[in-house]
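**Q** Got a file for you: start_37.pdb, PDB, C-alpha atoms, pLDDT in the B column.
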ATOM      1  CA  MET A   1       0.000   0.000   0.000  1.00 52.00           C
ATOM      2  CA  ASP A   2       1.273   3.444  -0.911  1.00 50.00           C
ATOM      3  CA  PRO A   3       1.577   6.090   1.840  1.00 54.00           C
ATOM      4  CA  ASN A   4      -1.263   7.956   0.104  1.00 68.00           C
ATOM      5  CA  GLY A   5      -3.528   4.904   0.436  1.00 87.00           C
ATOM      6  CA  TRP A   6      -3.536   3.539  -3.115  1.00 96.00           C
ATOM      7  CA  THR A   7      -2.041   0.175  -3.942  1.00 95.00           C
ATOM      8  CA  PRO A   8       0.399   0.201  -6.874  1.00 95.00           C
ATOM      9  CA  ASP A   9      -2.112  -1.846  -8.885  1.00 97.00           C
ATOM     10  CA  GLU A  10      -4.933   0.650  -8.214  1.00 97.00           C
ATOM     11  CA  LEU A  11      -2.738   3.596  -9.196  1.00 97.00           C
ATOM     12  CA  THR A  12      -1.751   1.897 -12.437  1.00 96.00           C
ATOM     13  CA  ARG A  13      -5.259   0.806 -13.363  1.00 98.00           C
ATOM     14  CA  VAL A  14      -6.938   4.132 -12.604  1.00 98.00           C
ATOM     15  CA  SER A  15      -4.134   6.181 -14.201  1.00 96.00           C
ATOM     16  CA  ARG A  16      -4.327   4.129 -17.402  1.00 97.00           C
ATOM     17  CA  ALA A  17      -8.113   4.369 -17.665  1.00 98.00           C
ATOM     18  CA  THR A  18      -9.229   6.893 -20.266  1.00 96.00           C
ATOM     19  CA  GLU A  19     -12.242   7.906 -18.203  1.00 97.00           C
ATOM     20  CA  LEU A  20     -13.165   7.891 -14.547  1.00 98.00           C
ATOM     21  CA  GLU A  21     -16.638   7.883 -13.053  1.00 98.00           C
ATOM     22  CA  LEU A  22     -17.040  10.111 -10.003  1.00 98.00           C
ATOM     23  CA  SER A  23     -19.936  10.356  -7.565  1.00 98.00           C
ATOM     24  CA  SER A  24     -20.113  12.754  -4.636  1.00 98.00           C
ATOM     25  CA  ARG A  25     -21.866  11.855  -1.403  1.00 97.00           C
ATOM     26  CA  ARG A  26     -25.152  13.543  -0.516  1.00 97.00           C
ATOM     27  CA  PRO A  27     -25.801  14.908   3.002  1.00 95.00           C
ATOM     28  CA  ASP A  28     -27.957  11.828   3.733  1.00 97.00           C
ATOM     29  CA  GLY A  29     -24.981   9.542   2.943  1.00 95.00           C
ATOM     30  CA  SER A  30     -26.252   8.290  -0.414  1.00 97.00           C
ATOM     31  CA  TYR A  31     -24.276   8.794  -3.609  1.00 97.00           C
ATOM     32  CA  ARG A  32     -25.210  11.076  -6.477  1.00 98.00           C
ATOM     33  CA  PRO A  33     -25.260   9.686 -10.029  1.00 98.00           C
ATOM     34  CA  TYR A  34     -21.805   9.176 -11.511  1.00 98.00           C
ATOM     35  CA  VAL A  35     -20.324  11.717 -13.906  1.00 97.00           C
ATOM     36  CA  THR A  36     -17.649  10.720 -16.406  1.00 97.00           C
ATOM     37  CA  ILE A  37     -14.430  12.748 -16.409  1.00 97.00           C
ATOM     38  CA  TRP A  38     -10.752  12.418 -17.215  1.00 97.00           C
ATOM     39  CA  VAL A  39      -8.141  11.426 -14.627  1.00 98.00           C
ATOM     40  CA  VAL A  40      -4.359  11.615 -14.430  1.00 98.00           C
ATOM     41  CA  GLY A  41      -1.803  10.145 -12.075  1.00 97.00           C
ATOM     42  CA  ILE A  42       1.314  11.911 -10.837  1.00 95.00           C
ATOM     43  CA  ALA A  43       3.679   9.766  -8.782  1.00 89.00           C
ATOM     44  CA  ASP A  44       1.444   8.212  -6.099  1.00 93.00           C
ATOM     45  CA  CYS A  45      -1.554  10.555  -6.455  1.00 96.00           C
ATOM     46  CA  LEU A  46      -4.605  10.778  -8.706  1.00 98.00           C
ATOM     47  CA  TYR A  47      -6.141  14.044  -9.913  1.00 98.00           C
ATOM     48  CA  VAL A  48      -9.270  15.216 -11.718  1.00 98.00           C
ATOM     49  CA  ARG A  49     -10.235  18.591 -13.160  1.00 97.00           C
ATOM     50  CA  SER A  50     -13.487  20.198 -14.108  1.00 95.00           C
ATOM     51  CA  ALA A  51     -13.483  20.800 -17.858  1.00 91.00           C
ATOM     52  CA  TYR A  52     -15.993  23.614 -17.365  1.00 84.00           C
ATOM     53  CA  GLY A  53     -14.407  25.370 -14.423  1.00 88.00           C
ATOM     54  CA  LEU A  54     -15.299  26.080 -10.849  1.00 93.00           C
ATOM     55  CA  ASP A  55     -19.032  26.476 -11.468  1.00 92.00           C
ATOM     56  CA  ASN A  56     -19.531  22.983 -12.912  1.00 93.00           C
ATOM     57  CA  GLY A  57     -22.188  21.144 -10.897  1.00 94.00           C
ATOM     58  CA  TRP A  58     -20.228  17.962 -10.185  1.00 95.00           C
ATOM     59  CA  PHE A  59     -17.235  20.012  -9.043  1.00 96.00           C
ATOM     60  CA  GLN A  60     -19.292  22.139  -6.653  1.00 96.00           C
ATOM     61  CA  ARG A  61     -21.002  19.058  -5.212  1.00 96.00           C
ATOM     62  CA  ALA A  62     -17.634  17.328  -4.728  1.00 97.00           C
ATOM     63  CA  LEU A  63     -16.237  20.395  -2.955  1.00 95.00           C
ATOM     64  CA  LYS A  64     -19.263  20.685  -0.707  1.00 96.00           C
ATOM     65  CA  SER A  65     -19.424  17.010   0.265  1.00 97.00           C
ATOM     66  CA  GLY A  66     -15.669  16.451   0.397  1.00 97.00           C
ATOM     67  CA  GLU A  67     -16.152  12.756  -0.304  1.00 97.00           C
ATOM     68  CA  GLY A  68     -17.577  10.298  -2.760  1.00 98.00           C
ATOM     69  CA  ARG A  69     -16.751   7.246  -4.829  1.00 98.00           C
ATOM     70  CA  ILE A  70     -14.808   6.665  -8.033  1.00 98.00           C
ATOM     71  CA  ARG A  71     -14.766   3.877 -10.607  1.00 98.00           C
ATOM     72  CA  ALA A  72     -12.101   3.418 -13.275  1.00 98.00           C
ATOM     73  CA  GLY A  73      -9.989   0.626 -14.693  1.00 97.00           C
ATOM     74  CA  GLY A  74     -11.885  -1.988 -12.692  1.00 98.00           C
ATOM     75  CA  VAL A  75     -11.185  -0.143  -9.416  1.00 98.00           C
ATOM     76  CA  GLU A  76     -13.997   1.179  -7.230  1.00 98.00           C
ATOM     77  CA  ARG A  77     -13.066   3.136  -4.097  1.00 97.00           C
ATOM     78  CA  ASP A  78     -14.518   5.616  -1.663  1.00 97.00           C
ATOM     79  CA  VAL A  79     -12.439   8.777  -1.776  1.00 98.00           C
ATOM     80  CA  SER A  80     -12.045  12.199  -0.265  1.00 98.00           C
ATOM     81  CA  PHE A  81     -11.751  15.203  -2.575  1.00 98.00           C
ATOM     82  CA  GLU A  82      -8.911  17.517  -1.602  1.00 96.00           C
ATOM     83  CA  PRO A  83      -7.355  20.530  -3.273  1.00 94.00           C
ATOM     84  CA  PRO A  84      -3.804  19.765  -4.393  1.00 94.00           C
ATOM     85  CA  GLY A  85      -0.828  21.858  -3.449  1.00 86.00           C
ATOM     86  CA  PRO A  86       0.124  24.579  -5.950  1.00 83.00           C
ATOM     87  CA  ASP A  87       3.460  22.884  -6.605  1.00 93.00           C
ATOM     88  CA  VAL A  88       1.854  20.136  -8.719  1.00 96.00           C
ATOM     89  CA  ALA A  89      -0.279  22.242 -11.094  1.00 95.00           C
ATOM     90  CA  GLU A  90       2.269  22.220 -13.927  1.00 96.00           C
ATOM     91  CA  ALA A  91       2.888  18.483 -13.614  1.00 97.00           C
ATOM     92  CA  ILE A  92      -0.862  17.797 -13.698  1.00 97.00           C
ATOM     93  CA  THR A  93      -1.254  19.959 -16.802  1.00 97.00           C
ATOM     94  CA  ALA A  94       1.649  18.130 -18.468  1.00 97.00           C
ATOM     95  CA  ALA A  95       0.059  14.770 -17.571  1.00 97.00           C
ATOM     96  CA  TYR A  96      -3.245  15.842 -19.143  1.00 97.00           C
ATOM     97  CA  HIS A  97      -1.394  16.878 -22.306  1.00 97.00           C
ATOM     98  CA  SER A  98       0.538  13.610 -22.429  1.00 96.00           C
ATOM     99  CA  LYS A  99      -2.519  11.439 -21.918  1.00 97.00           C
ATOM    100  CA  TYR A 100      -5.222  13.351 -23.808  1.00 97.00           C
ATOM    101  CA  ASP A 101      -3.631  15.514 -26.534  1.00 95.00           C
ATOM    102  CA  ARG A 102      -4.728  12.905 -29.066  1.00 94.00           C
ATOM    103  CA  TYR A 103      -8.248  14.359 -28.761  1.00 93.00           C
ATOM    104  CA  GLY A 104      -7.108  17.704 -30.150  1.00 94.00           C
ATOM    105  CA  PRO A 105      -6.381  21.125 -28.676  1.00 93.00           C
ATOM    106  CA  SER A 106      -9.986  22.292 -28.425  1.00 91.00           C
ATOM    107  CA  ILE A 107     -10.926  19.308 -26.252  1.00 92.00           C
ATOM    108  CA  VAL A 108      -7.799  18.943 -24.126  1.00 94.00           C
ATOM    109  CA  GLY A 109      -7.787  22.728 -23.749  1.00 93.00           C
ATOM    110  CA  THR A 110     -10.785  22.425 -21.446  1.00 92.00           C
ATOM    111  CA  VAL A 111      -8.701  20.654 -18.785  1.00 95.00           C
ATOM    112  CA  VAL A 112      -5.448  22.572 -19.142  1.00 95.00           C
ATOM    113  CA  SER A 113      -6.865  26.115 -19.139  1.00 93.00           C
ATOM    114  CA  THR A 114      -6.188  28.557 -16.307  1.00 90.00           C
ATOM    115  CA  GLU A 115      -9.774  28.073 -15.127  1.00 89.00           C
ATOM    116  CA  ALA A 116      -9.438  24.278 -15.156  1.00 92.00           C
ATOM    117  CA  VAL A 117      -6.237  24.444 -13.113  1.00 93.00           C
ATOM    118  CA  LYS A 118      -8.258  26.177 -10.377  1.00 94.00           C
ATOM    119  CA  SER A 119     -10.755  23.311 -10.405  1.00 95.00           C
ATOM    120  CA  THR A 120      -8.327  20.466  -9.696  1.00 97.00           C
ATOM    121  CA  LEU A 121      -9.034  17.894  -7.006  1.00 97.00           C
ATOM    122  CA  ARG A 122      -6.805  15.171  -5.605  1.00 97.00           C
ATOM    123  CA  LEU A 123      -8.506  11.836  -5.034  1.00 98.00           C
ATOM    124  CA  VAL A 124      -7.552  10.376  -1.658  1.00 97.00           C
ATOM    125  CA  PRO A 125      -8.765   6.835  -0.847  1.00 97.00           C
ATOM    126  CA  ARG A 126     -10.769   6.394   2.351  1.00 94.00           C
TER     127      ARG A 126
END
Mind turning this structure into structure tokens?

**A**
Amino acid sequence: MDPNGWTPDELTRVSRATELELSSRRPDGSYRPYVTIWVVGIADCLYVRSAYGLDNGWFQRALKSGEGRIRAGGVERDVSFEPPGPDVAEAITAAYHSKYDRYGPSIVGTVVSTEAVKSTLRLVPR
């Protein structure tokens, strides 16, 4: 198990998945419907960004609840949503470019923009 709570296998499988499904927890403890987003891994951490900025509904719900569940690459885990430190923003942007540039600049641009950088969350297993 990694110090951040992910096993090496989980990190590999989720990082390699093209898409991740994310569900935030409601105040009553139930989960909201999953939304499909992109995910990247940097070292021993996993990150997601809102392609439509800070006001995107799933992002606001994740911030408010602080926890939820993810599914990707055959892995399903309860997670906490935490803001990353500012020192990883460039590495996360580079990882998005490396993994998703094949979709073209107009699409990958939605997750590497200045606004998207502000809407980054680190996924921490619970």

**Q** With all atoms listed in the file as the basis for distance, which of A:Asp55, A:Glu76, A:Glu10, A:Asp44 is at the shortest distance from Ser23 of chain A?

**A** A:Glu76

**Q** Determine, counting only C-alpha atoms, which protein, DNA and RNA residues have an atom within 12 Å of an atom of Thr120 of chain A; residues of the same chain fewer than 2 positions away are not included. Present the result as a ChimeraX atom specification.

**A** /A:37-40,46-54,56,59-60,62-63,81-86,88-90,92-93,96,111-118,122-123

**Q** Would you save the residues from that selection as a compact mmCIF listing (two decimals), in the coordinates of the input, using C-alpha atoms?

**A**
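again-v5.txt written:
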# COMPACT_ATOMS: atom_id res chain seq x y z
CA ILE A 37 -14.43 12.75 -16.41
CA TRP A 38 -10.75 12.42 -17.22
CA VAL A 39 -8.14 11.43 -14.63
CA VAL A 40 -4.36 11.62 -14.43
CA LEU A 46 -4.61 10.78 -8.71
CA TYR A 47 -6.14 14.04 -9.91
CA VAL A 48 -9.27 15.22 -11.72
CA ARG A 49 -10.24 18.59 -13.16
CA SER A 50 -13.49 20.20 -14.11
CA ALA A 51 -13.48 20.80 -17.86
CA TYR A 52 -15.99 23.61 -17.36
CA GLY A 53 -14.41 25.37 -14.42
CA LEU A 54 -15.30 26.08 -10.85
CA ASN A 56 -19.53 22.98 -12.91
CA PHE A 59 -17.24 20.01 -9.04
CA GLN A 60 -19.29 22.14 -6.65
CA ALA A 62 -17.63 17.33 -4.73
CA LEU A 63 -16.24 20.40 -2.96
CA PHE A 81 -11.75 15.20 -2.58
CA GLU A 82 -8.91 17.52 -1.60
CA PRO A 83 -7.36 20.53 -3.27
CA PRO A 84 -3.80 19.76 -4.39
CA GLY A 85 -0.83 21.86 -3.45
CA PRO A 86 0.12 24.58 -5.95
CA VAL A 88 1.85 20.14 -8.72
CA ALA A 89 -0.28 22.24 -11.09
CA GLU A 90 2.27 22.22 -13.93
CA ILE A 92 -0.86 17.80 -13.70
CA THR A 93 -1.25 19.96 -16.80
CA TYR A 96 -3.24 15.84 -19.14
CA VAL A 111 -8.70 20.65 -18.78
CA VAL A 112 -5.45 22.57 -19.14
CA SER A 113 -6.86 26.12 -19.14
CA THR A 114 -6.19 28.56 -16.31
CA GLU A 115 -9.77 28.07 -15.13
CA ALA A 116 -9.44 24.28 -15.16
CA VAL A 117 -6.24 24.44 -13.11
CA LYS A 118 -8.26 26.18 -10.38
CA ARG A 122 -6.80 15.17 -5.60
CA LEU A 123 -8.51 11.84 -5.03

**Q** Written as a ChimeraX atom specification, which residues does the PyMOL selection byres ((chain A and resi 7-9) around 12) give for the file shown?

**A** /A:1-6,10-16,41,43-46,73-75,77,124-125

**Q** So what do you get for atom CA of Ser30 of chain A versus atom CA of Ala72 of chain A, distance-wise?

**A**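 For atom CA of Ser30 of chain A relative to atom CA of Ala72 of chain A, the distance reads 19.7 Å.
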
**Q** Which is closest to Arg61 of chain A among A:Ser24, A:Ser80, A:Ser98, A:Thr110, if we use only C-alpha atoms?

**A**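 Under the stated criterion, the closest residue is A:Ser24.
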
**Q** For atom CA of Pro33 of chain A and atom CA of Val79 of chain A, quote the distance in Å rounded to one decimal.

**A**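 Answer for the atom CA of Pro33 of chain A to atom CA of Val79 of chain A separation: 15.3 Å.
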
**Q** From the options A:Val35, A:Ile107, A:Ile42, A:Leu20, which residue's atoms come nearest to Arg71 of chain A, counting all atoms listed in the file?

**A**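 Counting all atoms listed in the file, the residue closest to Arg71 of chain A is A:Leu20.
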